[in-house]
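Novice: My structure is stored as upload24.txt, with compact mmCIF, C-alpha atoms.
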# COMPACT_ATOMS: atom_id res chain seq x y z
CA MET A 1 27.26 -16.64 -57.55
CA SER A 2 26.84 -18.58 -60.78
CA PRO A 3 25.05 -21.83 -59.92
CA HIS A 4 27.34 -24.04 -62.01
CA TYR A 5 30.34 -23.31 -59.75
CA LEU A 6 28.76 -24.67 -56.56
CA SER A 7 25.63 -26.75 -56.17
CA ARG A 8 22.81 -25.35 -54.07
CA ASP A 9 23.44 -28.07 -51.47
CA ARG A 10 27.10 -27.09 -51.27
CA GLN A 11 26.20 -23.43 -50.81
CA VAL A 12 23.82 -24.32 -47.97
CA GLU A 13 26.48 -26.51 -46.32
CA LEU A 14 29.14 -23.78 -46.51
CA ALA A 15 26.79 -21.07 -45.24
CA GLN A 16 25.76 -23.22 -42.28
CA ILE A 17 29.39 -23.92 -41.33
CA ALA A 18 30.35 -20.24 -41.62
CA GLN A 19 27.35 -19.13 -39.57
CA SER A 20 28.11 -21.74 -36.91
CA ILE A 21 31.69 -20.51 -36.59
CA ALA A 22 30.45 -16.91 -36.47
CA THR A 23 28.18 -17.63 -33.51
CA PRO A 24 27.79 -14.51 -31.32
CA GLY A 25 29.85 -14.87 -28.16
CA LYS A 26 32.23 -17.44 -29.63
CA GLY A 27 35.51 -17.30 -31.51
CA ILE A 28 38.40 -19.37 -32.84
CA LEU A 29 41.56 -20.71 -31.22
CA ALA A 30 44.44 -20.61 -33.70
CA ALA A 31 46.39 -23.71 -32.61
CA ASP A 32 48.07 -24.15 -35.98
CA GLU A 33 51.64 -23.24 -35.05
CA HIS A 34 54.00 -25.66 -36.76
CA ALA A 35 57.05 -27.03 -34.93
CA ALA A 36 59.40 -24.13 -35.75
CA ILE A 37 56.89 -21.50 -34.61
CA ILE A 38 55.89 -23.27 -31.42
CA GLU A 39 59.58 -23.34 -30.51
CA SER A 40 59.31 -19.58 -29.97
CA ARG A 41 56.38 -20.22 -27.58
CA PHE A 42 57.92 -23.16 -25.71
CA SER A 43 61.49 -21.89 -25.40
CA PRO A 44 60.81 -18.91 -23.07
CA MET A 45 59.03 -21.32 -20.70
CA ASP A 46 61.87 -23.90 -20.88
CA ILE A 47 59.51 -26.43 -22.45
CA GLN A 48 61.17 -29.03 -24.67
CA ASN A 49 59.86 -28.77 -28.23
CA ASN A 50 59.23 -32.36 -29.25
CA GLU A 51 56.23 -33.95 -30.93
CA GLU A 52 54.84 -35.56 -27.78
CA ASN A 53 54.92 -32.27 -25.88
CA ARG A 54 53.19 -30.56 -28.79
CA ARG A 55 50.56 -33.31 -28.91
CA TYR A 56 49.96 -33.33 -25.15
CA TYR A 57 49.78 -29.53 -24.99
CA ARG A 58 47.09 -29.36 -27.69
CA GLN A 59 45.20 -32.25 -26.08
CA MET A 60 45.26 -30.37 -22.78
CA LEU A 61 43.70 -27.32 -24.45
CA PHE A 62 41.12 -29.25 -26.43
CA ARG A 63 39.89 -31.15 -23.38
CA THR A 64 39.33 -28.05 -21.30
CA LYS A 65 35.83 -28.34 -19.89
CA GLU A 66 33.38 -25.60 -20.87
CA CYS A 67 35.67 -24.07 -23.52
CA SER A 68 33.06 -24.97 -26.15
CA GLN A 69 30.87 -22.24 -24.61
CA TYR A 70 33.32 -19.68 -25.99
CA LEU A 71 35.01 -21.46 -28.92
CA SER A 72 33.22 -22.33 -32.16
CA GLY A 73 36.32 -23.50 -34.03
CA ILE A 74 39.97 -24.48 -33.60
CA ILE A 75 42.53 -24.24 -36.39
CA LEU A 76 45.06 -27.08 -36.51
CA CYS A 77 48.33 -27.55 -38.37
CA HIS A 78 48.95 -30.71 -40.41
CA GLU A 79 50.83 -32.47 -37.59
CA THR A 80 48.16 -31.77 -34.97
CA PHE A 81 45.34 -32.67 -37.35
CA TYR A 82 46.56 -36.28 -37.37
CA HIS A 83 47.34 -36.54 -33.65
CA LYS A 84 45.15 -38.63 -31.31
CA THR A 85 44.28 -38.63 -27.63
CA ASP A 86 46.62 -40.73 -25.50
CA ASP A 87 44.00 -42.63 -23.50
CA ASP A 88 41.30 -43.58 -26.03
CA ASP A 89 43.05 -43.00 -29.37
CA ILE A 90 40.49 -40.46 -30.67
CA PRO A 91 41.71 -38.32 -33.60
CA PHE A 92 41.75 -34.64 -32.63
CA PRO A 93 39.26 -33.57 -35.35
CA ARG A 94 36.76 -36.13 -34.07
CA LEU A 95 37.38 -35.04 -30.47
CA LEU A 96 36.58 -31.43 -31.39
CA ASN A 97 33.50 -32.37 -33.38
CA GLU A 98 32.19 -34.37 -30.41
CA MET A 99 32.68 -31.29 -28.20
CA GLY A 100 30.71 -29.11 -30.59
CA ILE A 101 33.82 -27.28 -31.83
CA MET A 102 34.52 -27.23 -35.56
CA PRO A 103 38.02 -28.38 -36.55
CA GLY A 104 39.86 -26.28 -39.13
CA ILE A 105 43.16 -26.71 -40.92
CA THR A 106 45.92 -24.42 -42.18
CA VAL A 107 46.44 -25.37 -45.82
CA ASP A 108 49.19 -23.05 -47.07
CA ARG A 109 52.74 -24.37 -47.19
CA GLY A 110 54.54 -21.26 -46.07
CA LEU A 111 55.96 -18.27 -47.90
CA ILE A 112 58.26 -17.95 -50.91
CA ILE A 113 59.92 -14.90 -52.45
CA LEU A 114 57.91 -13.31 -55.28
CA GLY A 115 60.27 -12.75 -58.21
CA GLY A 116 60.63 -9.21 -59.52
CA THR A 117 59.99 -7.55 -56.14
CA ASP A 118 61.97 -6.22 -53.20
CA ASN A 119 61.94 -9.60 -51.38
CA GLU A 120 58.15 -9.55 -51.09
CA THR A 121 56.47 -12.91 -50.57
CA THR A 122 53.63 -15.04 -51.82
CA THR A 123 52.23 -18.34 -50.55
CA GLN A 124 53.16 -21.80 -51.80
CA ASP A 125 50.47 -23.88 -53.45
CA GLY A 126 49.41 -27.48 -54.17
CA LEU A 127 45.98 -27.51 -52.65
CA GLU A 128 42.95 -29.40 -53.95
CA GLU A 129 44.07 -32.94 -53.09
CA ARG A 130 44.99 -31.88 -49.53
CA CYS A 131 41.66 -30.09 -49.05
CA ARG A 132 39.69 -33.17 -50.06
CA GLU A 133 41.73 -35.33 -47.70
CA TYR A 134 41.26 -32.92 -44.79
CA LYS A 135 37.51 -32.73 -45.42
CA LYS A 136 37.29 -36.53 -45.48
CA ASN A 137 39.04 -36.62 -42.10
CA GLY A 138 36.74 -34.14 -40.40
CA ALA A 139 37.89 -30.60 -41.22
CA GLN A 140 35.09 -28.07 -41.71
CA PHE A 141 37.04 -24.92 -42.50
CA ALA A 142 40.50 -23.83 -43.62
CA LYS A 143 42.95 -20.97 -43.29
CA TRP A 144 45.42 -19.53 -45.80
CA ARG A 145 47.78 -16.75 -44.82
CA ALA A 146 49.07 -14.06 -47.17
CA LEU A 147 51.85 -11.85 -45.80
CA ILE A 148 52.25 -8.33 -47.20
CA LYS A 149 55.62 -6.63 -46.68
CA ILE A 150 55.52 -2.96 -45.67
CA GLY A 151 58.50 -0.72 -46.51
CA PRO A 152 59.67 2.31 -48.51
CA THR A 153 58.92 0.53 -51.80
CA CYS A 154 56.39 -2.00 -50.50
CA PRO A 155 53.79 -3.23 -50.95
CA SER A 156 54.08 -3.25 -54.71
CA GLN A 157 50.96 -3.56 -56.82
CA LEU A 158 52.36 -6.85 -58.13
CA ALA A 159 52.55 -8.32 -54.61
CA ILE A 160 49.10 -7.01 -53.70
CA ASN A 161 47.51 -8.48 -56.84
CA GLU A 162 49.41 -11.78 -56.63
CA ASN A 163 48.47 -12.41 -53.00
CA ALA A 164 44.86 -11.34 -53.50
CA SER A 165 44.57 -13.68 -56.49
CA LYS A 166 46.05 -16.61 -54.54
CA LEU A 167 43.74 -15.97 -51.60
CA ALA A 168 40.78 -16.00 -53.98
CA ARG A 169 41.92 -19.17 -55.74
CA TYR A 170 42.43 -20.86 -52.37
CA ALA A 171 38.93 -19.80 -51.28
CA SER A 172 37.39 -21.18 -54.47
CA ILE A 173 39.18 -24.55 -54.16
CA CYS A 174 38.24 -24.86 -50.48
CA GLN A 175 34.57 -24.26 -51.24
CA GLN A 176 34.58 -26.84 -54.03
CA CYS A 177 35.94 -29.33 -51.46
CA GLY A 178 33.36 -28.41 -48.80
CA LEU A 179 35.63 -26.32 -46.57
CA VAL A 180 34.76 -22.78 -45.48
CA PRO A 181 37.78 -20.60 -46.30
CA ILE A 182 39.06 -18.07 -43.79
CA VAL A 183 40.62 -15.28 -45.82
CA GLU A 184 43.64 -13.83 -43.99
CA PRO A 185 45.27 -10.94 -45.90
CA GLU A 186 47.51 -10.07 -42.88
CA VAL A 187 47.16 -6.33 -43.59
CA SER A 188 43.98 -4.49 -44.55
CA LEU A 189 43.71 -4.83 -48.32
CA GLU A 190 40.09 -5.93 -48.25
CA ALA A 191 38.94 -3.98 -51.32
CA THR A 192 41.52 -5.70 -53.54
CA VAL A 193 40.87 -9.08 -51.93
CA TYR A 194 37.10 -8.89 -52.38
CA LYS A 195 37.53 -7.86 -56.03
CA ALA A 196 39.64 -11.00 -56.50
CA LEU A 197 37.09 -13.16 -54.65
CA SER A 198 34.40 -11.87 -56.98
CA ASP A 199 36.54 -12.62 -60.03
CA HIS A 200 36.97 -16.19 -58.79
CA HIS A 201 33.22 -16.60 -58.13
CA VAL A 202 33.69 -17.23 -54.41
CA TYR A 203 30.46 -17.63 -52.44
CA LEU A 204 30.85 -14.93 -49.78
CA GLU A 205 28.16 -16.34 -47.47
CA GLY A 206 30.45 -19.36 -47.08
CA THR A 207 33.60 -17.43 -46.12
CA LEU A 208 35.08 -15.67 -43.08
CA LEU A 209 37.60 -12.83 -42.91
CA LYS A 210 40.61 -12.87 -40.55
CA PRO A 211 42.23 -9.40 -40.55
CA ASN A 212 44.33 -7.31 -38.23
CA ILE A 213 42.77 -4.70 -35.99
CA VAL A 214 43.45 -1.28 -37.53
CA THR A 215 46.22 0.04 -35.27
CA PRO A 216 48.90 2.72 -35.82
CA GLY A 217 52.14 1.67 -37.52
CA VAL A 218 55.26 1.01 -35.47
CA ASN A 219 56.77 4.37 -36.46
CA CYS A 220 53.66 6.39 -35.63
CA VAL A 221 54.43 8.91 -32.88
CA LYS A 222 50.83 9.87 -32.15
CA THR A 223 48.96 8.00 -29.42
CA TYR A 224 45.40 6.81 -29.99
CA THR A 225 42.92 5.51 -27.44
CA ILE A 226 41.47 2.02 -27.58
CA GLU A 227 38.11 3.58 -28.48
CA GLN A 228 39.62 5.53 -31.40
CA ILE A 229 41.31 2.41 -32.72
CA ALA A 230 38.07 0.47 -32.40
CA GLU A 231 36.11 3.10 -34.30
CA ALA A 232 38.75 3.30 -37.06
CA THR A 233 38.61 -0.49 -37.40
CA VAL A 234 34.83 -0.60 -37.74
CA ILE A 235 34.82 2.28 -40.24
CA ALA A 236 37.51 0.61 -42.36
CA PHE A 237 35.54 -2.63 -42.61
CA ARG A 238 32.19 -0.88 -43.17
CA ARG A 239 33.77 0.65 -46.27
CA THR A 240 35.34 -2.52 -47.67
CA VAL A 241 33.80 -5.79 -46.41
CA PRO A 242 30.53 -6.96 -48.02
CA THR A 243 27.58 -7.59 -45.73
CA ALA A 244 27.27 -11.11 -47.16
CA VAL A 245 30.31 -12.17 -45.11
CA PRO A 246 29.00 -13.78 -41.87
CA GLY A 247 31.92 -12.97 -39.61
CA ILE A 248 35.15 -11.03 -39.16
CA MET A 249 37.46 -12.97 -36.84
CA PHE A 250 40.34 -10.73 -35.79
CA LEU A 251 43.87 -12.03 -35.32
CA SER A 252 45.74 -10.73 -32.29
CA GLY A 253 48.57 -9.43 -34.47
CA GLY A 254 51.21 -9.43 -31.77
CA HIS A 255 49.07 -7.63 -29.18
CA ASN A 256 49.24 -9.02 -25.66
CA GLU A 257 46.34 -10.82 -23.98
CA GLU A 258 44.95 -7.75 -22.25
CA ASN A 259 45.04 -5.46 -25.31
CA SER A 260 43.63 -8.11 -27.64
CA THR A 261 40.59 -8.46 -25.38
CA ALA A 262 40.27 -4.71 -24.85
CA TYR A 263 40.37 -3.92 -28.58
CA LEU A 264 37.78 -6.59 -29.39
CA ASN A 265 35.52 -5.39 -26.61
CA ALA A 266 35.74 -1.77 -27.76
CA ILE A 267 35.09 -2.75 -31.40
CA ASN A 268 31.84 -4.42 -30.40
CA ARG A 269 30.81 -1.33 -28.42
CA VAL A 270 31.23 1.07 -31.35
CA GLN A 271 27.86 2.70 -31.98
CA LEU A 272 27.81 2.12 -35.74
CA TYR A 273 25.93 -0.45 -37.79
CA LYS A 274 27.99 -3.64 -37.96
CA PRO A 275 26.42 -6.28 -40.22
CA TRP A 276 28.86 -9.06 -39.34
CA VAL A 277 29.74 -10.95 -36.17
CA LEU A 278 33.00 -9.39 -34.92
CA SER A 279 34.98 -11.93 -32.94
CA PHE A 280 38.46 -13.43 -32.49
CA SER A 281 40.81 -15.94 -34.04
CA TYR A 282 43.64 -15.69 -31.53
CA GLY A 283 46.77 -17.75 -31.01
CA ARG A 284 49.22 -16.17 -28.57
CA ALA A 285 46.49 -14.04 -26.98
CA LEU A 286 44.80 -17.25 -25.80
CA GLN A 287 47.93 -19.18 -24.87
CA THR A 288 50.71 -17.10 -23.29
CA SER A 289 49.37 -17.37 -19.73
CA VAL A 290 48.47 -21.01 -20.37
CA LEU A 291 52.04 -21.89 -21.27
CA ARG A 292 53.33 -19.93 -18.27
CA ALA A 293 51.08 -22.00 -16.00
CA TRP A 294 51.81 -25.35 -17.67
CA LYS A 295 55.62 -25.12 -18.04
CA GLY A 296 55.67 -28.50 -19.75
CA ASN A 297 54.70 -30.27 -16.52
CA LYS A 298 51.64 -32.53 -16.63
CA ASN A 299 51.06 -31.85 -12.93
CA ASN A 300 50.25 -28.26 -13.90
CA SER A 301 47.63 -29.21 -16.48
CA GLU A 302 44.62 -28.29 -14.37
CA GLN A 303 45.94 -24.80 -13.62
CA ALA A 304 46.80 -24.35 -17.29
CA ARG A 305 43.25 -25.31 -18.27
CA LYS A 306 41.86 -22.75 -15.82
CA GLU A 307 43.95 -20.06 -17.52
CA PHE A 308 42.75 -21.20 -20.94
CA LEU A 309 39.13 -21.12 -19.86
CA ARG A 310 39.61 -17.65 -18.34
CA LEU A 311 41.03 -16.31 -21.61
CA THR A 312 38.42 -17.91 -23.85
CA LYS A 313 35.63 -16.64 -21.60
CA GLN A 314 36.90 -13.06 -21.46
CA ASN A 315 37.25 -12.94 -25.25
CA GLY A 316 33.84 -14.54 -25.70
CA LEU A 317 32.41 -11.70 -23.59
CA ALA A 318 34.48 -9.15 -25.53
CA SER A 319 33.01 -10.42 -28.79
CA LEU A 320 29.66 -9.27 -27.41
CA GLY A 321 31.04 -6.01 -25.99
CA GLN A 322 30.30 -7.30 -22.49
CA TYR A 323 33.77 -7.69 -20.99
CA GLU A 324 34.40 -5.57 -17.90
CA ILE A 325 38.00 -5.01 -16.89
CA SER A 326 38.38 -5.84 -13.20
CA ALA A 327 39.86 -3.16 -10.98
Please render this file's structure as structure tokens.
Specialist:
Amino acid sequence: MSPHYLSRDRQVELAQIAQSIATPGKGILAADEHAAIIESRFSPMDIQNNEENRRYYRQMLFRTKECSQYLSGIILCHETFYHKTDDDDIPFPRLLNEMGIMPGITVDRGLIILGGTDNETTTQDGLEERCREYKKNGAQFAKWRALIKIGPTCPSQLAINENASKLARYASICQQCGLVPIVEPEVSLEATVYKALSDHHVYLEGTLLKPNIVTPGVNCVKTYTIEQIAEATVIAFRRTVPTAVPGIMFLSGGHNEENSTAYLNAINRVQLYKPWVLSFSYGRALQTSVLRAWKGNKNNSEQARKEFLRLTKQNGLASLGQYEISA
């Protein structure tokens, strides 16, 4: 890393934040669903999707006792980032910081069609001013999602290069503003992404990677065991992810709660050298049972918190390879 891009103090700050998030036995809650996405979570449970319900639901999660034993960070969306507690008017980022959980923020503005492709997408921009504002208000890390379309003619090299370049530019801007960037390429294109990060002089010790687990495609007819999938995942990242990266925080990628935990547990039991912390950055896999218990009724909050604590604990154990499936 050329010293004129980031000061030594900034590098130390970023590395400390990244290492704190990548604490063994802890992971990230992705609570950054915007209103349209959370509708798909609330609707099956007959929960009304309004701002107060969204605020109360996140407050209920964030105030779960003991969850800080298993969570090192929580990613917020813009709306939630500026919400406050209802009894003592504490901004959510401050609440999390006081609990020992680092608040993060999703900074992309959604997807747009990339011209000259078969309806492939790239991510909207307009970043530095927002990053500085989020940092000033307590954010310590950020997330930017790049979606890669898979099909007969996709992904094109244009889409791969464009999304890798935008991820790298986002990472560079975040670091200049004091935020640790989580790099989320959505599908495993790590070699291209890390080439772009190098081109943009991104300080890898102050980054985290959020990829999918390496699982068979939807049209694959062959069945693989959890252990085979875990080994394939570790091998893929050993061949592409630099050892300077402190942590790989897997997204659940549509897997249910049980499989998300089982995959993570098996990954951490693979008997190969793994130079990074391998943990979780789950959304649905930490919330489906919670929503089923809560049902939008404040009287169910305690039971919902118990479900949330159960899920964070089992994934914290899985991130150490210590989760045992009960008979």
Novice: So that I can check the surroundings of segment 288-299 of chain A, please list as an mmCIF file with C-alpha atoms, keeping the file's coordinate frame every protein, DNA and RNA residue that reaches within 7 Å of it, counting all atoms listed in the file and ignoring chain neighbours fewer than 3 positions away.
Specialist:
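Result written to out_19.cif:
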data_model
loop_
_atom_site.group_PDB
_atom_site.id
_atom_site.type_symbol
_atom_site.label_atom_id
_atom_site.label_comp_id
_atom_site.auth_asym_id
_atom_site.auth_seq_id
_atom_site.Cartn_x
_atom_site.Cartn_y
_atom_site.Cartn_z
ATOM 1 C CA MET A 45 59.030 -21.320 -20.700
ATOM 2 C CA ASP A 46 61.870 -23.900 -20.880
ATOM 3 C CA ILE A 47 59.510 -26.430 -22.450
ATOM 4 C CA ARG A 284 49.220 -16.170 -28.570
ATOM 5 C CA ALA A 285 46.490 -14.040 -26.980
ATOM 6 C CA GLN A 303 45.940 -24.800 -13.620
ATOM 7 C CA ALA A 304 46.800 -24.350 -17.290
ATOM 8 C CA GLU A 307 43.950 -20.060 -17.520
ATOM 9 C CA PHE A 308 42.750 -21.200 -20.940
#
Novice: Need the shell around Glu13 of chain A: protein/DNA/RNA residues with any atom at most 10 Å away, counting all atoms listed in the file. Skip same-chain ones fewer than 5 positions apart. Format as a PyMOL selection string?
Specialist: chain A and resi 7-8+18+140+175+178-180+206
Novice: Which one is closest to Ile38 of chain A: A:Arg58, A:Gln19, A:Arg10, A:Thr261? Count all atoms listed in the file.
Specialist: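 Among the listed residues, A:Arg58 lies closest to Ile38 of chain A.
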Novice: Residues at most 8 Å from Ile74 of chain A, counting only C-alpha atoms, excluding those fewer than 3 positions away in the same chain, as a list in words?
Specialist: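 That gives Ile28, Leu29, Ala30, Ala31, Leu71, Ile101, Met102, Pro103 and Gly104 of chain A.
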Novice: Counting all atoms listed in the file, which residue out of A:Lys306, A:Arg94, A:Lys195, A:Arg145 sits closest to Val107 of chain A?
Specialist: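 Closest to Val107 of chain A, using all atoms listed in the file: A:Arg145.
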Novice: Please measure the separation of atom CA of Val241 of chain A and atom CA of Thr153 of chain A, giving the value in Å to one decimal.
Specialist: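 Interatomic distance, atom CA of Val241 of chain A to atom CA of Thr153 of chain A: 26.5 Å.
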Novice: May I have the residues within 10 Å of Ile235 of chain A as a list in words, using all atoms listed in the file and disregarding those fewer than 3 positions away in the same chain?
Specialist: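 Non-adjacent residues within range: Val214, Ile229, Ala230, Glu231, Ala232, Arg238, Arg239, Thr240, Val270, Leu272, Tyr273 and Lys274 of chain A.
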Novice: Figure out the distance between atom CA of Tyr5 of chain A and atom CA of Val245 of chain A, please, to one decimal in Å.
Specialist: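 Interatomic distance, atom CA of Val245 of chain A to atom CA of Tyr5 of chain A: 18.4 Å.
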Novice: Rank A:Pro44, A:Gly151, A:Pro216, A:Gly283 by their smallest atom-to-atom distance to Leu76 of chain A, using all atoms listed in the file, and report the top residue only.
Specialist: A:Gly283
Novice: Provide the atom CA of Thr85 of chain A to atom CA of Gln59 of chain A distance in Å, to one decimal place.
Specialist: 6.6 Å
Novice: Can you pull out the residues contacting Cys67 of chain A? Cut-off 9 Å, using only C-alpha atoms, and skip same-chain residues under 6 positions away; I want them as an NGL selection string.
Specialist: :A and (61 or 308-309 or 312-313)
Novice: Once 4 Å is added on each side, what centre and edge lengths in Å to one decimal does the axis-aligned box around all listed atoms of segment 58-71 of chain A have, as lines of an AutoDock Vina configuration file?
Specialist:
center_x = 39.0
center_y = -26.0
center_z = -24.4
size_x = 24.2
size_y = 20.6
size_z = 17.0
Novice: Could you give me, as a PyMOL selection string, the residues that sit within 12 Å of (34.1, -20.8, -33.3) in the file's coordinates, counting all atoms listed in the file?
Specialist: chain A and resi 17-30+67-75+96-97+99-104+140-141+182+208+247-249+277-282+312+315-316+319
Novice: My list of candidates is A:Glu205, A:Glu258, A:Glu98, A:Glu66. Which is closest to Thr243 of chain A when distances are computed with all atoms listed in the file?
Specialist: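 Closest to Thr243 of chain A, using all atoms listed in the file: A:Glu205.
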Novice: Using only C-alpha atoms, find the one residue out of A:Ala236, A:Ile325, A:Leu286, A:Ile173 that sits nearest to Leu311 of chain A.
Specialist: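 Using only C-alpha atoms, the shortest distance to Leu311 of chain A belongs to A:Leu286.
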